[in-house]
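So this block is query-v8.txt, compact mmCIF, C-alpha atoms and all ligand atoms:
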# COMPACT_ATOMS: atom_id res chain seq x y z
CA MET A 1 7.81 84.37 -3.40
CA SER A 2 4.49 83.37 -2.02
CA ILE A 3 3.90 83.42 1.70
CA PHE A 4 3.06 80.63 4.15
CA LEU A 5 -0.71 79.99 4.12
CA GLY A 6 -1.08 82.86 1.66
CA SER A 7 -4.31 81.27 0.41
CA GLU A 8 -5.93 82.18 3.75
CA ILE A 9 -4.04 85.16 5.16
CA THR A 10 -2.41 88.37 4.05
CA GLN A 11 1.10 89.26 5.14
CA PRO A 12 0.94 91.13 8.49
CA ALA A 13 3.47 93.78 9.58
CA PRO A 14 6.59 92.01 10.90
CA ASP A 15 6.06 93.33 14.44
CA LYS A 16 2.41 92.27 14.47
CA ALA A 17 3.17 88.58 13.90
CA ALA A 18 3.72 85.90 16.53
CA PHE A 19 5.72 83.84 14.02
CA HIS A 20 8.34 84.63 11.40
CA ILE A 21 8.80 81.96 8.74
CA ILE A 22 12.42 82.10 7.50
CA PRO A 23 13.01 80.08 4.30
CA VAL A 24 16.62 78.85 4.11
CA PRO A 25 17.17 76.86 0.88
CA PHE A 26 20.75 75.97 1.84
CA GLU A 27 22.24 72.72 0.57
CA HIS A 28 25.93 72.16 0.91
CA SER A 29 26.86 69.01 2.79
CA VAL A 30 23.96 66.57 2.34
CA SER A 31 25.55 63.15 2.05
CA TYR A 32 23.08 60.83 0.31
CA GLY A 33 20.03 62.01 -1.60
CA GLY A 34 20.12 65.72 -2.45
CA GLY A 35 17.39 68.28 -2.98
CA THR A 36 16.98 70.06 0.37
CA ALA A 37 17.45 73.42 -1.39
CA ARG A 38 13.94 72.94 -2.78
CA GLY A 39 12.45 72.20 0.67
CA PRO A 40 11.32 75.66 1.81
CA ALA A 41 9.50 76.54 -1.43
CA ALA A 42 7.78 73.12 -1.47
CA ILE A 43 6.55 73.60 2.12
CA ILE A 44 5.23 77.08 1.35
CA THR A 45 3.47 75.81 -1.78
CA ALA A 46 1.93 72.93 0.18
CA SER A 47 0.82 75.33 2.93
CA GLN A 48 -1.67 76.88 0.49
CA GLN A 49 -3.71 73.67 0.89
CA LEU A 50 -3.92 73.78 4.70
CA GLU A 51 -7.12 74.39 6.60
CA ILE A 52 -6.81 77.50 8.75
CA TYR A 53 -8.22 75.54 11.72
CA ASP A 54 -5.57 73.11 13.00
CA GLY A 55 -7.97 70.85 14.89
CA GLU A 56 -7.84 72.83 18.13
CA SER A 57 -7.31 76.48 17.27
CA ILE A 58 -6.53 78.95 14.49
CA PRO A 59 -2.79 79.61 14.79
CA ALA A 60 -2.90 82.10 11.90
CA GLU A 61 -4.87 84.52 14.08
CA HIS A 62 -1.64 85.21 15.97
CA GLY A 63 0.04 86.46 12.81
CA ILE A 64 2.41 84.61 10.49
CA TYR A 65 4.96 86.75 8.67
CA THR A 66 6.94 85.10 5.90
CA GLN A 67 10.39 86.61 5.42
CA GLU A 68 12.10 86.66 2.02
CA ALA A 69 14.17 83.52 1.47
CA VAL A 70 17.75 83.76 2.70
CA PRO A 71 19.98 84.04 -0.41
CA CYS A 72 22.04 80.84 -0.26
CA ASP A 73 24.08 80.96 -3.47
CA ARG A 74 27.20 82.30 -1.75
CA PRO A 75 29.86 81.19 0.75
CA ARG A 76 28.60 79.38 3.82
CA GLU A 77 29.97 81.98 6.23
CA GLU A 78 27.79 84.63 4.57
CA VAL A 79 24.73 82.38 4.56
CA PHE A 80 25.21 81.59 8.26
CA ALA A 81 25.65 85.29 9.09
CA GLU A 82 22.43 86.07 7.25
CA ILE A 83 20.56 83.27 9.07
CA ALA A 84 21.74 84.69 12.40
CA ALA A 85 20.66 88.21 11.38
CA ARG A 86 17.22 87.02 10.24
CA THR A 87 16.72 85.04 13.44
CA GLN A 88 17.71 88.08 15.47
CA GLN A 89 15.32 90.23 13.42
CA ALA A 90 12.42 87.89 14.25
CA LEU A 91 13.29 87.81 17.96
CA SER A 92 13.64 91.59 18.09
CA ALA A 93 10.18 91.90 16.54
CA GLY A 94 8.86 89.77 19.42
CA ALA A 95 8.19 86.79 17.16
CA VAL A 96 9.11 83.12 17.27
CA PRO A 97 11.47 82.42 14.34
CA VAL A 98 10.51 79.26 12.41
CA LEU A 99 13.20 78.29 9.93
CA LEU A 100 12.46 76.07 6.94
CA GLY A 101 15.54 74.19 5.67
CA GLY A 102 17.54 73.37 3.80
CA GLU A 103 20.01 71.00 5.36
CA HIS A 104 20.35 70.58 9.11
CA SER A 105 23.51 72.68 9.37
CA VAL A 106 21.34 75.82 9.14
CA SER A 107 20.18 75.25 12.72
CA PHE A 108 23.58 76.17 14.14
CA PRO A 109 23.65 79.91 13.33
CA ALA A 110 19.99 80.18 14.35
CA VAL A 111 20.56 78.48 17.70
CA GLU A 112 23.61 80.64 18.35
CA ALA A 113 21.58 83.79 17.58
CA VAL A 114 18.81 82.69 19.96
CA GLN A 115 21.36 82.03 22.72
CA GLN A 116 22.95 85.44 22.20
CA HIS A 117 19.58 87.18 22.18
CA LEU A 118 18.56 85.46 25.39
CA ARG A 119 21.82 86.29 27.13
CA ALA A 120 21.51 89.95 26.12
CA THR A 121 18.11 90.13 27.81
CA GLU A 122 18.72 87.72 30.73
CA PRO A 123 22.40 87.61 31.72
CA GLY A 124 23.49 84.08 32.60
CA ALA A 125 20.45 82.48 31.01
CA ASN A 126 20.78 79.61 28.56
CA ILE A 127 18.55 77.77 26.13
CA GLY A 128 18.07 74.05 25.65
CA ILE A 129 17.47 72.12 22.46
CA VAL A 130 14.84 69.52 21.73
CA GLN A 131 15.87 67.56 18.62
CA ILE A 132 13.62 65.16 16.73
CA ASP A 133 15.95 63.30 14.36
CA ALA A 134 16.94 59.87 13.06
CA HIS A 135 20.58 60.81 13.67
CA SER A 136 22.28 62.34 16.66
CA ASP A 137 24.41 64.73 14.51
CA LEU A 138 27.07 64.75 17.26
CA ARG A 139 30.13 64.00 15.12
CA ASP A 140 32.98 66.48 15.53
CA ARG A 141 33.79 66.32 11.80
CA TYR A 142 32.02 64.75 8.87
CA GLU A 143 34.01 64.37 5.65
CA ASP A 144 36.48 66.84 7.24
CA ASP A 145 33.71 69.40 7.62
CA PRO A 146 32.98 70.82 11.11
CA TYR A 147 29.77 72.56 9.90
CA SER A 148 28.04 69.64 8.18
CA HIS A 149 24.47 68.44 8.64
CA ALA A 150 26.00 65.50 10.55
CA THR A 151 27.89 67.70 13.04
CA VAL A 152 25.28 70.35 13.80
CA MET A 153 24.41 69.18 17.31
CA ARG A 154 28.09 68.85 18.18
CA ARG A 155 28.57 72.52 17.35
CA VAL A 156 25.53 73.31 19.50
CA PHE A 157 26.99 71.12 22.28
CA ASP A 158 30.20 73.18 22.02
CA LEU A 159 28.12 76.30 22.81
CA GLY A 160 27.30 74.73 26.19
CA ILE A 161 23.68 74.08 25.26
CA PRO A 162 22.03 70.93 26.67
CA VAL A 163 20.00 68.75 24.31
CA VAL A 164 17.15 66.24 24.44
CA GLN A 165 17.35 63.90 21.42
CA LEU A 166 14.25 61.95 20.43
CA GLY A 167 13.87 59.29 17.74
CA VAL A 168 17.53 58.60 16.95
CA ARG A 169 18.11 55.25 15.22
CA ALA A 170 21.44 55.64 13.42
CA ILE A 171 24.47 56.61 15.49
CA SER A 172 28.26 56.18 15.35
CA PRO A 173 30.56 54.88 18.12
CA GLU A 174 32.08 58.36 18.44
CA GLU A 175 28.66 59.83 19.17
CA LEU A 176 27.78 57.08 21.66
CA THR A 177 30.99 57.89 23.54
CA LEU A 178 30.16 61.61 23.67
CA ARG A 179 26.72 60.77 25.04
CA ALA A 180 28.18 58.43 27.67
CA GLN A 181 30.70 61.06 28.78
CA ASN A 182 28.08 63.82 29.07
CA PRO A 183 24.94 62.37 30.66
CA ASP A 184 24.04 65.75 32.19
CA ARG A 185 24.20 67.58 28.84
CA ILE A 186 22.95 65.05 26.29
CA HIS A 187 19.61 63.42 27.12
CA TYR A 188 17.86 61.02 24.78
CA ILE A 189 15.22 58.41 24.16
CA ASP A 190 16.10 56.63 20.93
CA ALA A 191 13.48 55.49 18.43
CA ARG A 192 13.09 51.89 19.53
CA SER A 193 12.74 52.76 23.23
CA LEU A 194 10.44 55.63 22.36
CA LEU A 195 8.12 53.63 20.11
CA ARG A 196 8.43 50.09 21.54
CA PRO A 197 8.93 50.64 25.28
CA THR A 198 9.47 47.62 27.49
CA GLY A 199 9.27 46.98 31.24
CA GLN A 200 7.99 49.84 33.40
CA ALA A 201 8.10 52.28 30.51
CA ALA A 202 5.57 50.22 28.55
CA GLY A 203 2.66 51.50 30.62
CA LYS A 204 3.55 55.15 30.09
CA SER A 205 2.77 57.53 27.26
CA ILE A 206 5.45 59.29 25.25
CA ALA A 207 4.49 62.51 27.05
CA GLN A 208 5.06 60.88 30.45
CA ARG A 209 8.37 59.38 29.41
CA ILE A 210 9.90 62.52 27.88
CA ALA A 211 8.75 64.84 30.68
CA PRO A 212 11.71 64.10 33.01
CA LEU A 213 14.17 64.77 30.18
CA LEU A 214 12.54 68.09 29.37
CA GLU A 215 12.73 69.02 33.06
CA ALA A 216 16.53 68.81 32.75
CA LEU A 217 16.54 71.62 30.15
CA PRO A 218 16.40 75.36 30.75
CA ARG A 219 12.88 76.80 30.53
CA GLN A 220 13.41 78.33 27.08
CA VAL A 221 14.04 75.88 24.29
CA TYR A 222 14.72 75.72 20.57
CA LEU A 223 12.92 72.87 18.83
CA THR A 224 14.66 71.40 15.80
CA ILE A 225 12.81 68.84 13.70
CA ASP A 226 14.77 66.88 11.11
CA ALA A 227 12.29 65.48 8.58
CA ASP A 228 14.05 62.12 8.82
CA GLY A 229 12.89 61.82 12.44
CA LEU A 230 9.53 60.80 11.01
CA ASP A 231 9.07 57.38 9.51
CA PRO A 232 10.02 57.29 5.80
CA ALA A 233 6.75 55.47 5.09
CA LEU A 234 5.08 58.79 5.95
CA LEU A 235 7.81 61.11 4.76
CA PRO A 236 10.09 59.46 2.18
CA ALA A 237 11.36 62.76 0.76
CA THR A 238 14.50 63.17 2.82
CA GLY A 239 18.18 62.54 2.16
CA THR A 240 18.73 59.61 4.53
CA PRO A 241 15.38 57.84 5.10
CA GLU A 242 15.96 55.58 8.12
CA PRO A 243 13.28 52.96 8.85
CA GLY A 244 11.56 52.83 12.21
CA GLY A 245 10.75 56.51 12.66
CA LEU A 246 8.07 58.44 14.47
CA GLY A 247 4.44 58.46 13.42
CA TRP A 248 2.36 61.59 12.95
CA TYR A 249 0.65 61.44 16.34
CA ASP A 250 3.94 60.59 18.07
CA VAL A 251 5.42 63.83 16.75
CA LEU A 252 2.35 65.84 17.71
CA GLU A 253 2.46 64.38 21.23
CA ILE A 254 6.10 65.42 21.55
CA ILE A 255 5.46 68.93 20.25
CA ASP A 256 2.45 69.42 22.52
CA THR A 257 4.43 68.17 25.53
CA VAL A 258 7.39 70.42 24.82
CA ALA A 259 5.12 73.43 24.28
CA ALA A 260 3.20 72.74 27.48
CA THR A 261 6.22 72.20 29.74
CA ARG A 262 8.90 74.48 28.23
CA SER A 263 8.82 77.76 26.38
CA ILE A 264 9.54 77.21 22.67
CA VAL A 265 11.25 80.44 21.62
CA ALA A 266 12.40 79.29 18.17
CA ALA A 267 12.07 76.27 15.93
CA ASP A 268 13.03 74.78 12.61
CA LEU A 269 12.06 72.01 10.22
CA VAL A 270 14.93 70.83 8.04
CA GLU A 271 16.05 68.18 5.54
CA LEU A 272 12.93 67.91 3.41
CA ALA A 273 14.15 66.95 -0.09
CA PRO A 274 11.02 67.03 -2.25
CA ILE A 275 10.35 64.21 -4.71
CA ALA A 276 8.51 65.37 -7.82
CA GLY A 277 4.92 64.19 -7.89
CA LEU A 278 4.96 62.98 -4.29
CA HIS A 279 3.10 65.68 -2.40
CA ALA A 280 2.55 63.80 0.86
CA SER A 281 5.98 64.66 2.26
CA GLU A 282 5.82 68.40 1.74
CA PHE A 283 2.20 68.59 2.83
CA LEU A 284 3.11 66.73 6.04
CA CYS A 285 5.88 69.28 6.63
CA ALA A 286 3.54 72.22 6.03
CA ARG A 287 0.99 70.73 8.39
CA LEU A 288 3.67 70.04 11.00
CA VAL A 289 4.88 73.64 10.89
CA TYR A 290 1.30 74.84 11.33
CA GLN A 291 0.60 72.40 14.19
CA LEU A 292 3.81 73.59 15.82
CA MET A 293 2.62 77.19 15.65
CA GLY A 294 -0.70 76.03 17.11
CA ALA A 295 0.99 74.27 20.03
CA ILE A 296 3.15 77.31 20.75
CA SER A 297 0.28 79.80 20.55
CA ARG A 298 -1.96 77.65 22.76
CA SER A 299 0.83 77.46 25.36
CA GLY A 300 0.66 81.23 25.72
CA VAL A 301 4.24 82.00 24.74
CA ALA A 302 3.59 83.54 21.34
MN MN A 401 19.71 65.89 11.49
The structure given in the file should be rewritten as C-alpha cells.
Amino acid sequence: MSIFLGSEITQPAPDKAAFHIIPVPFEHSVSYGGGTARGPAAIITASQQLEIYDGESIPAEHGIYTQEAVPCDRPREEVFAEIAARTQQALSAGAVPVLLGGEHSVSFPAVEAVQQHLRATEPGANIGIVQIDAHSDLRDRYEDDPYSHATVMRRVFDLGIPVVQLGVRAISPEELTLRAQNPDRIHYIDARSLLRPTGQAAGKSIAQRIAPLLEALPRQVYLTIDADGLDPALLPATGTPEPGGLGWYDVLEIIDTVAATRSIVAADLVELAPIAGLHASEFLCARLVYQLMGAISRSGVA
C-alpha cells in the first residue's frame, strides 16, 4: 500500500517519525450508507495531491510513518486487539498515532490503549476526549450492539474518560439524559450554538467559547473527528450526512485551539465513505489529517 504523502516524502524509520498513520478499514455496524472500509485507502490516495506546506509550516519534516493497514476481515475482537497493539506500538515509538477509519467504533480500542499507556507512565493520570461529530454516540446499545459506531463514546465514558463534544446535531433522549446526569464528565457545544451563537456568546469566537470546556479536561487529550461533524455540503461522503455541520475554518479553529491549550497525544478521522468520482470529500479528509499534524507539531508536543 502506498504511504501518506508518498508523493513528497519517503517512509522514515518508525522511531524517527512524530506521527504514525494507522489505516483501519473496519466496517461492521454502519447503519445507513456503507463504504467506510474504503475510507483509509481513499485518504492516502488523496494525500498524494497535498502541498507539503500546510499554510503555516511543513508538518512532514517531523516524520510521518504509515503503518500497514490493520487486517479487518476477521472477528471484531481480533480487529480491536490489533488496533490497540498498533496504537501502543506508535506510542512506544514516541509518535502520535493518527488512525484513519473505518467506522467510529475503531476509536474505542485506540482510546483504551492510549489511557493504558498513559497510566503505565504516569500513575493516576487520565486522558480526555475532544469529539467533533454530528452525533453524540452515547447510546448504551445500538441494534443490540454495545460496540457500534453509535455507542463508541458511551464505551469511552465507561472508561471514566471525560469528553468535550462539538458540533452534535442529532441526539436521542437517552443520550440527553446521560448528558444531564453527568455535567462534570460530558461537556458540549452543539452545532447550532457553536455556529449560530446568540446573546453574550455571539460576540465571542469559537476558540473563546470552547476554551472553558477544554480547561475541564485533563492536559493530555485524544482528538476524534467523525467526518459527519463537517457540513455535508463540504463532505457528503459519509454514512449519515446531517445538515448544519461545521465549515472548514470552524474545524481548523477547533483543532488549533485544542492543540494550543491541551496536548493532543493521539487522534483519528473516521466515517469517510468515499463516493466514486467525488474527490472533494477524501481530499478534505487528507488535508484535515495534514493540518492536524501541523497543529500538533507547531504546539511542540510532537
Ligand atoms: Mn460518530
Is it possible to get the axis-aligned box enclosing region 96-114 of chain A (all listed atoms, 5 Å extra per side) as lines of an AutoDock Vina configuration file, with centre and edge lengths in Å rounded to one decimal?
center_x = 16.4
center_y = 77.2
center_z = 11.9
size_x = 24.5
size_y = 23.2
size_z = 26.2
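A distance cut-off of 7 Å from ligand MN 401 (chain A), applied to all atoms listed in the file, picks out the residues His104, Asp133, Ala134, His135, Ser136, Asp137, His149, Ala150 and Asp226 of chain A.
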With all atoms listed in the file as the atoms that count, which of A:Ala180, A:Glu27, A:Ser2, A:Thr257 lies nearest to Pro75 (chain A)?
A:Glu27
Taking (-5.5, 74.6, 17.9) in the file's own coordinates, collect the residues within 9 Å, counting all atoms listed in the file, and hand them back as an NGL selection string.
:A and (53-59 or 291 or 293-295 or 297-298)
Please identify all polymer residues within 12 Å of region 248-250 of chain A, counting only C-alpha atoms, omitting same-chain residues fewer than 4 positions from it, and present them as a VMD selection string.
chain A and resid 132 166 to 167 191 194 to 196 205 to 207 210 227 229 to 235 254 to 257 281 284 to 285 287 to 288 291
I need the chosen residues saved as an mmCIF file, in the coordinates of the input, with C-alpha atoms.
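again_32.cif written:
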data_model
loop_
_atom_site.group_PDB
_atom_site.id
_atom_site.type_symbol
_atom_site.label_atom_id
_atom_site.label_comp_id
_atom_site.auth_asym_id
_atom_site.auth_seq_id
_atom_site.Cartn_x
_atom_site.Cartn_y
_atom_site.Cartn_z
ATOM 1 C CA ILE A 132 13.620 65.160 16.730
ATOM 2 C CA LEU A 166 14.250 61.950 20.430
ATOM 3 C CA GLY A 167 13.870 59.290 17.740
ATOM 4 C CA ALA A 191 13.480 55.490 18.430
ATOM 5 C CA LEU A 194 10.440 55.630 22.360
ATOM 6 C CA LEU A 195 8.120 53.630 20.110
ATOM 7 C CA ARG A 196 8.430 50.090 21.540
ATOM 8 C CA SER A 205 2.770 57.530 27.260
ATOM 9 C CA ILE A 206 5.450 59.290 25.250
ATOM 10 C CA ALA A 207 4.490 62.510 27.050
ATOM 11 C CA ILE A 210 9.900 62.520 27.880
ATOM 12 C CA ALA A 227 12.290 65.480 8.580
ATOM 13 C CA GLY A 229 12.890 61.820 12.440
ATOM 14 C CA LEU A 230 9.530 60.800 11.010
ATOM 15 C CA ASP A 231 9.070 57.380 9.510
ATOM 16 C CA PRO A 232 10.020 57.290 5.800
ATOM 17 C CA ALA A 233 6.750 55.470 5.090
ATOM 18 C CA LEU A 234 5.080 58.790 5.950
ATOM 19 C CA LEU A 235 7.810 61.110 4.760
ATOM 20 C CA ILE A 254 6.100 65.420 21.550
ATOM 21 C CA ILE A 255 5.460 68.930 20.250
ATOM 22 C CA ASP A 256 2.450 69.420 22.520
ATOM 23 C CA THR A 257 4.430 68.170 25.530
ATOM 24 C CA SER A 281 5.980 64.660 2.260
ATOM 25 C CA LEU A 284 3.110 66.730 6.040
ATOM 26 C CA CYS A 285 5.880 69.280 6.630
ATOM 27 C CA ARG A 287 0.990 70.730 8.390
ATOM 28 C CA LEU A 288 3.670 70.040 11.000
ATOM 29 C CA GLN A 291 0.600 72.400 14.190
#
Starting from the incomplete input, reconstruct N, CA, C and O atoms of region 12-29 of chain A and write that as an mmCIF file, in the frame of the given file.
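Ended up saving to part-v3.cif:
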data_model
loop_
_atom_site.group_PDB
_atom_site.id
_atom_site.type_symbol
_atom_site.label_atom_id
_atom_site.label_comp_id
_atom_site.auth_asym_id
_atom_site.auth_seq_id
_atom_site.Cartn_x
_atom_site.Cartn_y
_atom_site.Cartn_z
ATOM 1 N N PRO A 12 1.060 90.074 7.471
ATOM 2 C CA PRO A 12 0.940 91.130 8.490
ATOM 3 C C PRO A 12 2.225 91.962 8.551
ATOM 4 O O PRO A 12 3.225 91.606 7.930
ATOM 5 N N ALA A 13 2.223 93.054 9.300
ATOM 6 C CA ALA A 13 3.470 93.780 9.580
ATOM 7 C C ALA A 13 4.365 92.856 10.409
ATOM 8 O O ALA A 13 3.863 92.085 11.229
ATOM 9 N N PRO A 14 5.690 92.927 10.192
ATOM 10 C CA PRO A 14 6.590 92.010 10.900
ATOM 11 C C PRO A 14 6.425 92.038 12.420
ATOM 12 O O PRO A 14 6.535 91.009 13.082
ATOM 13 N N ASP A 15 6.158 93.230 12.968
ATOM 14 C CA ASP A 15 6.060 93.330 14.440
ATOM 15 C C ASP A 15 4.657 93.034 14.950
ATOM 16 O O ASP A 15 4.399 93.140 16.149
ATOM 17 N N LYS A 16 3.765 92.643 14.061
ATOM 18 C CA LYS A 16 2.410 92.270 14.470
ATOM 19 C C LYS A 16 2.201 90.746 14.382
ATOM 20 O O LYS A 16 1.088 90.254 14.534
ATOM 21 N N ALA A 17 3.281 90.027 14.115
ATOM 22 C CA ALA A 17 3.170 88.580 13.900
ATOM 23 C C ALA A 17 3.817 87.821 15.047
ATOM 24 O O ALA A 17 4.894 88.187 15.528
ATOM 25 N N ALA A 18 3.156 86.756 15.494
ATOM 26 C CA ALA A 18 3.720 85.900 16.530
ATOM 27 C C ALA A 18 4.816 85.001 15.972
ATOM 28 O O ALA A 18 5.673 84.519 16.713
ATOM 29 N N PHE A 19 4.774 84.774 14.646
ATOM 30 C CA PHE A 19 5.720 83.840 14.020
ATOM 31 C C PHE A 19 6.350 84.475 12.782
ATOM 32 O O PHE A 19 5.653 85.130 12.002
ATOM 33 N N HIS A 20 7.664 84.262 12.637
ATOM 34 C CA HIS A 20 8.340 84.630 11.400
ATOM 35 C C HIS A 20 8.821 83.354 10.711
ATOM 36 O O HIS A 20 9.681 82.642 11.254
ATOM 37 N N ILE A 21 8.277 83.058 9.557
ATOM 38 C CA ILE A 21 8.800 81.960 8.740
ATOM 39 C C ILE A 21 10.052 82.459 8.014
ATOM 40 O O ILE A 21 10.027 83.528 7.381
ATOM 41 N N ILE A 22 11.156 81.720 8.150
ATOM 42 C CA ILE A 22 12.420 82.100 7.500
ATOM 43 C C ILE A 22 12.847 80.980 6.552
ATOM 44 O O ILE A 22 13.387 79.967 6.997
ATOM 45 N N PRO A 23 12.597 81.127 5.254
ATOM 46 C CA PRO A 23 13.010 80.080 4.300
ATOM 47 C C PRO A 23 14.526 80.107 4.097
ATOM 48 O O PRO A 23 15.087 81.162 3.812
ATOM 49 N N VAL A 24 15.160 78.945 4.267
ATOM 50 C CA VAL A 24 16.620 78.850 4.110
ATOM 51 C C VAL A 24 16.956 77.692 3.171
ATOM 52 O O VAL A 24 17.227 76.564 3.612
ATOM 53 N N PRO A 25 16.932 77.942 1.859
ATOM 54 C CA PRO A 25 17.170 76.860 0.880
ATOM 55 C C PRO A 25 18.654 76.545 0.731
ATOM 56 O O PRO A 25 19.202 76.602 -0.365
ATOM 57 N N PHE A 26 19.299 76.204 1.828
ATOM 58 C CA PHE A 26 20.750 75.970 1.840
ATOM 59 C C PHE A 26 21.059 74.481 1.764
ATOM 60 O O PHE A 26 20.576 73.697 2.574
ATOM 61 N N GLU A 27 21.868 74.124 0.766
ATOM 62 C CA GLU A 27 22.240 72.720 0.570
ATOM 63 C C GLU A 27 23.712 72.677 0.213
ATOM 64 O O GLU A 27 24.126 73.163 -0.819
ATOM 65 N N HIS A 28 24.479 72.119 1.115
ATOM 66 C CA HIS A 28 25.930 72.160 0.910
ATOM 67 C C HIS A 28 26.559 70.804 1.192
ATOM 68 O O HIS A 28 27.349 70.291 0.430
ATOM 69 N N SER A 29 26.129 70.191 2.321
ATOM 70 C CA SER A 29 26.860 69.010 2.790
ATOM 71 C C SER A 29 26.026 67.744 2.844
ATOM 72 O O SER A 29 26.463 66.745 3.385
#
